[in-house]
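Visitor: Hey, dropping final23.csv in here, CSV, C-alpha atoms:
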```csv
chain,number,residue,atom,x,y,z
A,206,MET,CA,173.6,123.4,152.2
A,207,ARG,CA,175.0,120.0,152.8
A,208,THR,CA,174.4,120.4,156.5
A,209,LEU,CA,170.8,121.3,155.9
A,210,THR,CA,170.3,118.3,153.6
A,211,LEU,CA,171.7,115.9,156.1
A,212,ALA,CA,169.6,117.4,158.9
A,213,ALA,CA,166.5,117.1,156.8
A,214,LEU,CA,167.4,113.5,156.0
A,215,ALA,CA,167.8,112.7,159.7
A,216,VAL,CA,164.4,114.2,160.5
A,217,CYS,CA,162.7,112.2,157.8
A,218,MET,CA,164.4,109.0,159.0
A,219,THR,CA,163.3,109.8,162.6
A,220,LEU,CA,159.6,110.4,161.5
A,221,ALA,CA,159.7,107.2,159.4
A,222,GLY,CA,160.9,105.3,162.4
A,223,GLN,CA,158.1,106.8,164.5
A,224,ALA,CA,155.5,105.9,161.9
A,225,ALA,CA,156.7,102.3,161.8
A,226,ALA,CA,156.3,102.1,165.6
A,227,VAL,CA,152.7,103.3,165.4
A,228,ASP,CA,150.1,100.5,165.4
A,229,LEU,CA,148.0,101.6,162.4
A,230,ASP,CA,145.6,98.7,162.9
A,231,HIS,CA,143.5,100.8,165.3
A,232,TYR,CA,143.0,103.4,162.5
A,233,LEU,CA,142.6,101.1,159.5
A,234,ARG,CA,140.6,98.3,161.0
A,235,ARG,CA,137.0,98.2,159.9
A,236,ASP,CA,134.4,98.7,162.6
A,237,LYS,CA,132.8,95.4,163.7
A,238,PHE,CA,129.4,97.2,164.1
A,239,THR,CA,128.2,100.5,162.8
A,240,SER,CA,124.7,100.7,164.3
A,241,ILE,CA,123.1,98.8,167.2
A,242,LYS,CA,119.5,98.8,168.3
A,243,ILE,CA,117.8,96.8,171.0
A,244,SER,CA,114.5,95.2,170.5
A,245,PRO,CA,111.4,96.6,172.3
A,246,SER,CA,111.3,93.7,174.7
A,247,GLY,CA,115.0,94.0,175.4
A,248,ASP,CA,115.6,90.3,174.5
A,249,TYR,CA,117.6,91.0,171.4
A,250,PHE,CA,119.8,93.5,169.8
A,251,ALA,CA,120.5,94.0,166.0
A,252,ALA,CA,123.6,95.5,164.5
A,253,THR,CA,124.9,96.3,161.0
A,254,VAL,CA,128.1,94.5,160.2
A,255,PRO,CA,130.4,96.1,157.5
A,256,MET,CA,132.0,93.5,155.2
A,257,GLU,CA,134.4,93.8,152.3
A,258,ASP,CA,131.7,94.4,149.6
A,259,ARG,CA,128.4,94.6,151.5
A,260,THR,CA,126.9,95.4,154.9
A,261,ALA,CA,125.1,92.6,156.7
A,262,LEU,CA,122.8,92.6,159.7
A,263,ALA,CA,123.3,90.4,162.8
A,264,ILE,CA,120.8,89.7,165.6
A,265,MET,CA,122.1,88.5,169.0
A,266,HIS,CA,120.3,87.3,172.1
A,267,ARG,CA,121.1,89.9,174.7
A,268,VAL,CA,121.5,87.7,177.7
A,269,GLU,CA,122.9,84.5,176.1
A,270,GLY,CA,125.2,86.4,173.8
A,271,ARG,CA,124.6,84.1,170.9
A,272,LEU,CA,123.8,84.8,167.2
A,273,THR,CA,120.2,84.1,166.5
A,274,GLY,CA,119.7,85.4,163.0
A,275,SER,CA,121.5,87.2,160.2
A,276,PHE,CA,120.9,88.9,156.9
A,277,VAL,CA,123.6,89.0,154.3
A,278,PRO,CA,122.7,90.9,151.1
A,279,PRO,CA,124.2,90.3,147.6
A,280,ARG,CA,127.5,91.9,146.6
A,281,ASP,CA,127.5,95.8,146.6
A,282,ASN,CA,124.2,95.8,148.6
A,283,HIS,CA,124.0,97.1,152.1
A,284,ALA,CA,121.7,97.0,155.1
A,285,SER,CA,121.6,100.8,155.4
A,286,ASP,CA,119.0,101.2,158.1
A,287,PHE,CA,116.8,99.0,160.2
A,288,HIS,CA,114.0,99.3,162.8
A,289,TRP,CA,112.4,96.9,165.2
A,290,ALA,CA,108.8,96.6,164.1
A,291,SER,CA,107.9,94.3,167.0
A,292,ASP,CA,109.6,92.4,169.8
A,293,ASP,CA,110.9,89.8,167.4
A,294,ARG,CA,110.7,91.2,163.8
A,295,VAL,CA,113.0,93.7,162.2
A,296,VAL,CA,112.6,95.7,159.0
A,297,ILE,CA,115.7,96.5,157.0
A,298,GLY,CA,116.1,99.3,154.4
A,299,LEU,CA,118.5,98.4,151.6
A,300,ALA,CA,121.0,100.4,149.7
A,301,GLU,CA,123.2,99.6,146.7
A,302,LYS,CA,126.7,100.8,145.8
A,303,PHE,CA,127.0,101.5,142.0
A,304,GLY,CA,130.6,102.5,141.8
A,305,SER,CA,133.8,101.6,143.6
A,306,HIS,CA,134.1,105.1,145.2
A,307,ASP,CA,130.3,105.9,145.5
A,308,ALA,CA,128.4,105.9,148.8
A,309,PRO,CA,125.6,103.3,148.9
A,310,ARG,CA,122.3,104.8,147.8
A,311,PRO,CA,118.9,103.7,149.1
A,312,THR,CA,117.0,101.5,146.6
A,313,GLY,CA,113.5,101.8,148.2
A,314,GLU,CA,113.5,98.1,149.2
A,315,LEU,CA,112.4,96.8,152.6
A,316,PHE,CA,113.4,93.4,153.9
A,317,ALA,CA,111.9,91.9,157.1
A,318,MET,CA,113.0,88.9,159.2
A,319,ASN,CA,112.4,87.4,162.6
A,320,ALA,CA,114.8,87.7,165.4
A,321,ASN,CA,115.5,83.9,165.1
A,322,GLY,CA,116.4,84.4,161.4
A,323,GLY,CA,113.1,82.9,160.1
A,324,ARG,CA,110.6,84.3,157.7
A,325,GLY,CA,113.0,86.5,155.8
A,326,GLU,CA,111.2,88.3,153.1
A,327,LEU,CA,111.7,91.1,150.6
A,328,LEU,CA,108.5,92.9,151.3
A,329,ILE,CA,108.5,95.8,148.8
A,330,GLY,CA,110.8,97.2,146.1
A,331,TYR,CA,111.7,96.7,142.5
A,332,ARG,CA,113.2,93.3,143.0
A,333,ALA,CA,110.2,92.1,145.1
A,334,THR,CA,107.9,92.5,142.1
A,335,ALA,CA,110.1,90.3,139.9
A,336,ARG,CA,110.6,87.5,142.4
A,337,GLN,CA,109.3,84.0,141.7
A,338,GLY,CA,107.9,81.8,144.4
A,339,SER,CA,107.4,84.7,146.9
A,340,ARG,CA,104.7,84.4,149.5
A,341,ILE,CA,103.8,88.0,148.5
A,342,GLN,CA,101.7,88.3,145.3
A,343,PRO,CA,102.5,91.8,144.0
A,344,LYS,CA,100.0,93.5,141.8
A,345,LYS,CA,100.9,93.8,138.2
A,346,GLY,CA,102.5,97.1,137.4
A,347,ASP,CA,102.6,98.1,141.1
A,348,ALA,CA,106.4,98.6,141.3
A,349,VAL,CA,107.2,101.2,143.9
A,350,ALA,CA,110.1,102.3,146.1
A,351,ALA,CA,109.3,102.5,149.8
A,352,PHE,CA,110.9,104.3,152.7
A,353,LEU,CA,110.0,104.0,156.4
A,354,ALA,CA,108.0,106.9,157.7
A,355,ASP,CA,106.9,105.6,161.2
A,356,ASP,CA,107.6,102.3,162.9
A,357,LEU,CA,104.2,102.5,164.6
A,358,PRO,CA,105.3,101.2,168.1
A,359,ASN,CA,101.7,100.3,169.0
A,360,ASP,CA,101.2,98.1,166.0
A,361,PRO,CA,103.2,94.9,166.2
A,362,ARG,CA,102.4,93.9,162.7
A,363,GLY,CA,102.7,97.2,160.8
A,364,VAL,CA,104.8,100.1,159.9
A,365,LEU,CA,104.0,103.2,157.9
A,366,VAL,CA,105.9,103.7,154.6
A,367,THR,CA,106.1,106.4,152.0
A,368,THR,CA,105.8,104.8,148.5
A,369,TRP,CA,107.0,106.3,145.3
A,370,PRO,CA,105.5,104.9,142.1
A,371,PHE,CA,107.9,103.9,139.3
A,372,SER,CA,105.9,105.9,136.8
A,373,ALA,CA,105.4,109.4,135.5
A,374,ASP,CA,103.1,110.1,138.5
A,375,PRO,CA,105.1,112.1,141.0
A,376,PHE,CA,102.5,111.8,143.8
A,377,THR,CA,103.5,109.7,146.7
A,378,ARG,CA,101.3,107.7,149.1
A,379,ALA,CA,101.5,106.9,152.8
A,380,GLU,CA,100.7,103.2,153.3
A,381,ARG,CA,100.5,100.8,156.2
A,382,LEU,CA,102.7,97.8,155.5
A,383,ASP,CA,102.1,94.5,157.2
A,384,VAL,CA,105.7,93.3,158.0
A,385,VAL,CA,104.7,89.7,158.0
A,386,THR,CA,102.5,89.3,154.8
A,387,GLY,CA,103.7,92.4,152.9
A,388,HIS,CA,100.1,93.5,152.5
A,389,ARG,CA,99.7,97.3,152.0
A,390,GLN,CA,96.8,99.6,152.7
A,391,VAL,CA,96.7,103.3,151.7
A,392,ALA,CA,96.6,105.6,154.7
A,393,ALA,CA,96.9,108.9,152.8
A,394,ARG,CA,97.5,110.3,149.3
A,395,ALA,CA,99.7,113.3,148.9
A,396,PRO,CA,98.2,116.7,148.0
A,397,VAL,CA,101.6,117.8,146.6
A,398,GLN,CA,104.2,116.1,144.4
A,399,ARG,CA,107.1,114.2,145.9
A,400,ALA,CA,105.7,114.5,149.4
A,401,ARG,CA,106.9,113.1,152.6
A,402,PHE,CA,104.6,112.4,155.5
A,403,ALA,CA,104.6,113.0,159.3
A,404,THR,CA,102.4,111.3,161.9
A,405,ASP,CA,101.0,112.2,165.3
A,406,PRO,CA,101.9,110.1,168.4
A,407,GLN,CA,99.0,107.7,167.5
A,408,GLY,CA,100.6,107.0,164.1
A,409,GLU,CA,97.9,108.9,162.1
A,410,VAL,CA,99.2,110.8,159.1
A,411,ARG,CA,98.7,114.5,159.8
A,412,PHE,CA,101.2,116.3,157.6
A,413,ALA,CA,102.4,116.1,154.0
A,414,TYR,CA,105.2,118.3,152.6
A,415,GLY,CA,107.0,118.4,149.3
A,416,ALA,CA,107.5,120.4,146.1
A,417,GLY,CA,106.3,120.1,142.5
A,418,GLY,CA,108.1,120.8,139.3
A,419,ASP,CA,108.4,124.5,140.3
A,420,ASN,CA,110.5,123.5,143.3
A,421,ILE,CA,108.2,125.5,145.6
A,422,ASN,CA,107.8,123.8,148.9
A,423,LYS,CA,104.3,123.4,150.4
A,424,LEU,CA,103.2,122.1,153.8
A,425,TYR,CA,99.7,120.5,154.3
A,426,TYR,CA,97.8,119.4,157.4
A,427,ARG,CA,94.8,117.4,158.1
A,428,ALA,CA,92.9,117.1,161.4
A,429,ALA,CA,92.1,113.4,161.1
A,430,ALA,CA,92.3,110.4,158.7
A,431,GLY,CA,89.9,111.0,155.8
A,432,ASN,CA,89.8,114.7,156.2
A,433,ASP,CA,90.7,117.1,153.5
A,434,TRP,CA,94.2,118.6,153.4
A,435,THR,CA,94.7,122.2,154.4
A,436,LEU,CA,97.6,124.3,153.1
A,437,VAL,CA,99.7,125.5,156.1
A,438,ASN,CA,102.6,127.1,154.4
A,439,ASP,CA,103.4,128.0,150.8
A,440,GLU,CA,107.1,129.0,150.2
A,441,ASN,CA,106.1,131.2,147.4
A,442,VAL,CA,103.9,133.3,149.8
A,443,SER,CA,105.8,133.1,153.1
A,444,GLY,CA,109.3,133.2,151.6
A,445,HIS,CA,110.4,130.3,153.8
A,446,ILE,CA,110.2,126.5,154.1
A,447,GLU,CA,108.4,124.7,157.0
A,448,ARG,CA,108.6,121.0,157.8
A,449,PRO,CA,107.1,119.1,160.8
A,450,VAL,CA,109.1,117.3,163.4
A,451,GLY,CA,106.4,116.1,165.8
A,452,PHE,CA,103.6,116.9,168.2
A,453,SER,CA,103.4,117.8,171.9
A,454,SER,CA,102.5,115.0,174.3
A,455,ASP,CA,98.9,116.1,174.5
A,456,GLY,CA,98.6,116.4,170.7
A,457,THR,CA,97.4,120.0,170.8
A,458,LEU,CA,100.6,121.6,169.3
A,459,ALA,CA,102.7,120.7,166.3
A,460,TYR,CA,106.4,121.5,166.2
A,461,LEU,CA,107.8,122.8,162.9
A,462,ILE,CA,111.3,123.7,161.7
A,463,VAL,CA,111.2,127.0,159.8
A,464,GLU,CA,114.1,127.4,157.3
A,465,GLN,CA,114.6,131.1,157.0
A,466,PRO,CA,116.0,132.7,153.8
A,467,ARG,CA,118.7,134.2,156.1
A,468,GLY,CA,120.1,132.9,159.3
A,469,PRO,CA,119.7,129.6,161.1
A,470,ALA,CA,116.5,127.5,161.0
A,471,ALA,CA,114.3,127.8,164.1
A,472,PHE,CA,111.7,125.7,165.9
A,473,VAL,CA,108.2,127.0,166.3
A,474,SER,CA,105.0,125.6,167.8
A,475,TRP,CA,101.9,125.7,165.7
A,476,ASN,CA,98.4,125.4,167.1
A,477,PRO,CA,96.2,123.7,164.4
A,478,ALA,CA,93.0,124.9,166.1
A,479,THR,CA,94.0,128.6,166.1
A,480,GLY,CA,96.8,128.8,163.6
A,481,GLU,CA,99.0,130.6,166.2
A,482,ARG,CA,102.8,130.2,165.8
A,483,LEU,CA,105.2,130.8,168.6
A,484,PRO,CA,109.0,130.7,168.7
A,485,VAL,CA,110.3,127.7,170.7
A,486,LEU,CA,114.0,127.2,170.1
A,487,SER,CA,116.8,128.6,167.9
A,488,ASP,CA,120.5,129.2,167.8
A,489,PRO,CA,121.9,132.6,166.7
A,490,VAL,CA,124.7,130.9,164.6
A,491,VAL,CA,123.9,127.4,163.4
A,492,ASP,CA,121.0,125.2,162.3
A,493,PRO,CA,119.8,122.4,164.5
A,494,ALA,CA,121.9,119.3,163.6
A,495,ARG,CA,119.5,116.8,165.1
A,496,VAL,CA,116.1,116.8,166.8
A,497,ILE,CA,116.1,115.2,170.3
A,498,TYR,CA,113.0,113.1,171.1
A,499,ARG,CA,111.6,112.0,174.4
A,500,GLN,CA,113.0,108.5,175.0
A,501,GLY,CA,110.8,105.8,173.4
A,502,THR,CA,108.5,108.3,171.8
A,503,SER,CA,108.2,110.6,168.7
A,504,ILE,CA,107.7,113.7,170.9
A,505,PRO,CA,110.3,116.3,170.2
A,506,VAL,CA,111.8,118.0,173.2
A,507,GLY,CA,115.0,119.7,172.0
A,508,ALA,CA,117.9,119.7,169.6
A,509,LEU,CA,121.6,119.2,169.2
A,510,PHE,CA,123.5,122.2,167.7
A,511,MET,CA,127.0,121.7,166.2
A,512,GLY,CA,128.7,125.1,166.5
A,513,ASP,CA,132.2,125.6,167.9
A,514,THR,CA,131.3,122.9,170.4
A,515,PRO,CA,128.4,120.5,170.3
A,516,ARG,CA,125.6,121.5,172.7
A,517,THR,CA,122.1,120.4,173.5
A,518,ARG,CA,119.2,122.8,174.1
A,519,PHE,CA,115.6,122.0,175.0
A,520,PHE,CA,112.2,123.5,174.5
A,521,ASP,CA,111.9,123.7,178.3
A,522,GLU,CA,115.3,123.8,180.0
A,523,LYS,CA,113.7,123.0,183.4
A,524,SER,CA,111.8,119.9,182.1
A,525,THR,CA,112.3,116.4,183.2
A,526,ASP,CA,113.5,115.6,179.6
A,527,ALA,CA,116.2,118.2,179.9
A,528,ARG,CA,117.4,117.1,183.3
A,529,LEU,CA,117.4,113.4,182.2
A,530,HIS,CA,119.4,114.1,179.1
A,531,ARG,CA,121.9,116.3,180.9
A,532,SER,CA,122.4,113.7,183.5
A,533,ARG,CA,123.6,111.3,180.8
A,534,GLU,CA,126.0,113.8,179.4
A,535,THR,CA,128.0,114.1,182.6
```
What would the structure in this file look like if it were written as structure tokens?
Guide:
Amino acid sequence: MRTLTLAALAVCMTLAGQAAAVDLDHYLRRDKFTSIKISPSGDYFAATVPMEDRTALAIMHRVEGRLTGSFVPPRDNHASDFHWASDDRVVIGLAEKFGSHDAPRPTGELFAMNANGGRGELLIGYRATARQGSRIQPKKGDAVAAFLADDLPNDPRGVLVTTWPFSADPFTRAERLDVVTGHRQVAARAPVQRARFATDPQGEVRFAYGAGGDNINKLYYRAAAGNDWTLVNDENVSGHIERPVGFSSDGTLAYLIVEQPRGPAAFVSWNPATGERLPVLSDPVVDPARVIYRQGTSIPVGALFMGDTPRTRFFDEKSTDARLHRSRET
């Protein structure tokens, strides 16, 4: 027994010595950047910067390599997501951490700033309505939470947001938000409670999907702005949930993810003119982990599946999109 004890002690001492020799800094060191996005012009890139008690955003000039602007939120607040709204203006979604071990939760606030750090403004959110001296004059009682729905690449001044009223009214709205002035214009009103919206390649709101107090999901479609909503799928009738992920390049087909009661979710194409649904892509084992979009567009072309090994699959395996993507994987 004494021999075993001494042997165990020797092993422990050996392991301890090995652990001391390991440089743990590589494992414990905080990432310098957690997300990086280049501006549409390619002149700048923005990156989130984790700090001890907050997450900031830094903007760098790509060629010169110098810091041009930064956003540092208050303690326990985080720049959780951001998008370039134009060549020189970025929109930042905020999140807040409410407990020491909690993950930051989105607050529905959107902050915008120029690439040079100028014109920083809290455009929308519960703290924007209470600010004094802001260039934005919020309407009385118009407190809402807002979440980016489409960055509208063809509109250098605007983005599309989904707004949630801070009231008993559970019906959301899709609004075009001017990222300079903060002015908002209603683009669509939801036909179902707690709805999200999806747009076509031109940035027009075409789908709304959500669930009311009965937790029954519904998907609605409209052919154009101002048209009435048409019910496309009712979970209570079909037995499954459908949600949109985008349109084909010519706009004639919409692509939906169908969440089946049993088995993995599948992609289908849906023709708004005829109502025809056709299977497009699915995996026999796992749900799609992420939709793959054509570079620089909102046109879906495939998906990433995370089974025993990560793998990408495409609506058309012989397409230029598939070949381009695969060439980058090798």
Visitor: From the set A:Thr514, A:Phe520, A:Gln407, A:Ile264, which residue has the shortest atom-to-atom contact distance to Pro484 (chain A), counting only C-alpha atoms?
Guide: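 Going through A:Thr514, A:Phe520, A:Gln407, A:Ile264 one by one, the smallest distance to Pro484 (chain A) is for A:Phe520.
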Visitor: Mind pulling up the distance from CA of Thr502 (chain A) to CA of Asn319 (chain A)?
Guide: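 Between CA of Asn319 (chain A) and CA of Thr502 (chain A) the gap is 23.2 Å.
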Visitor: Every residue with an atom at most 7 Å from (111.4, 127.4, 167.9) (file coordinates; only C-alpha atoms) is what I'm after, so could you write them as an NGL selection string?
Guide: :A and (471-474 or 484-487)
Visitor: If you measure from CA of Met265 (chain A) to CA of Leu327 (chain A), what distance in Å do you get, rounded to one decimal?
Guide: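 If I compute the distance from CA of Met265 (chain A) to CA of Leu327 (chain A), I get 21.3 Å.
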Visitor: Nearest residue to Phe412 (chain A) out of A:Thr435, A:Thr368, A:Thr312, A:Asn476, using all atoms listed in the file?
Guide: A:Thr435
Visitor: Quick one: everything within 9 Å of Gly330 (chain A), counting all atoms listed in the file, minus sequence neighbours fewer than 3 positions away in the same chain. Send it as a VMD selection string.
Guide: chain A and resid 312 to 315 327 333 to 334 348 to 351
Visitor: In Å, with one decimal, what is the gap from CA of Gly247 (chain A) to CA of Leu353 (chain A)?
Guide: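 Those two atoms sit 22.0 Å apart.
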Visitor: Identify the residues within 10 Å of coordinate (101.9, 122.1, 171.7) (same frame as the file), considering only C-alpha atoms, and give the answer as number ranges by chain.
Guide: A: 451-460, 473-477, 483
Visitor: Determine the nearest neighbour of Ala429 (chain A) from the options A:Gly408, A:Gly512, A:Pro255, A:Pro311, counting all atoms listed in the file.
Guide: A:Gly408
Visitor: So, with all atoms listed in the file as the atoms that count, which of A:Phe519, A:Phe352, A:Phe250, A:Phe287 lies closest to Glu269 (chain A)?
Guide: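 Closest to Glu269 (chain A) of all the choices is A:Phe250.
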Visitor: Restricting the calculation to only C-alpha atoms, which member of A:Val442, A:Ala494, A:Val366, A:Val384 is positioned closest to Pro515 (chain A)?
Guide: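 Smallest distance to Pro515 (chain A) is found for A:Ala494.
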Visitor: Would you pick out the contacts of Arg362 (chain A) at 12 Å or less, using all atoms listed in the file, so that residues sharing its chain but fewer than 2 positions from it are not included, and give the list as a VMD selection string?
Guide: chain A and resid 289 to 296 317 319 356 to 360 364 to 365 381 to 389
Visitor: Which is closest to Arg533 (chain A) among A:Thr404, A:Thr517, A:Asn422, A:Gln465, if we use all atoms listed in the file?
Guide: A:Thr517
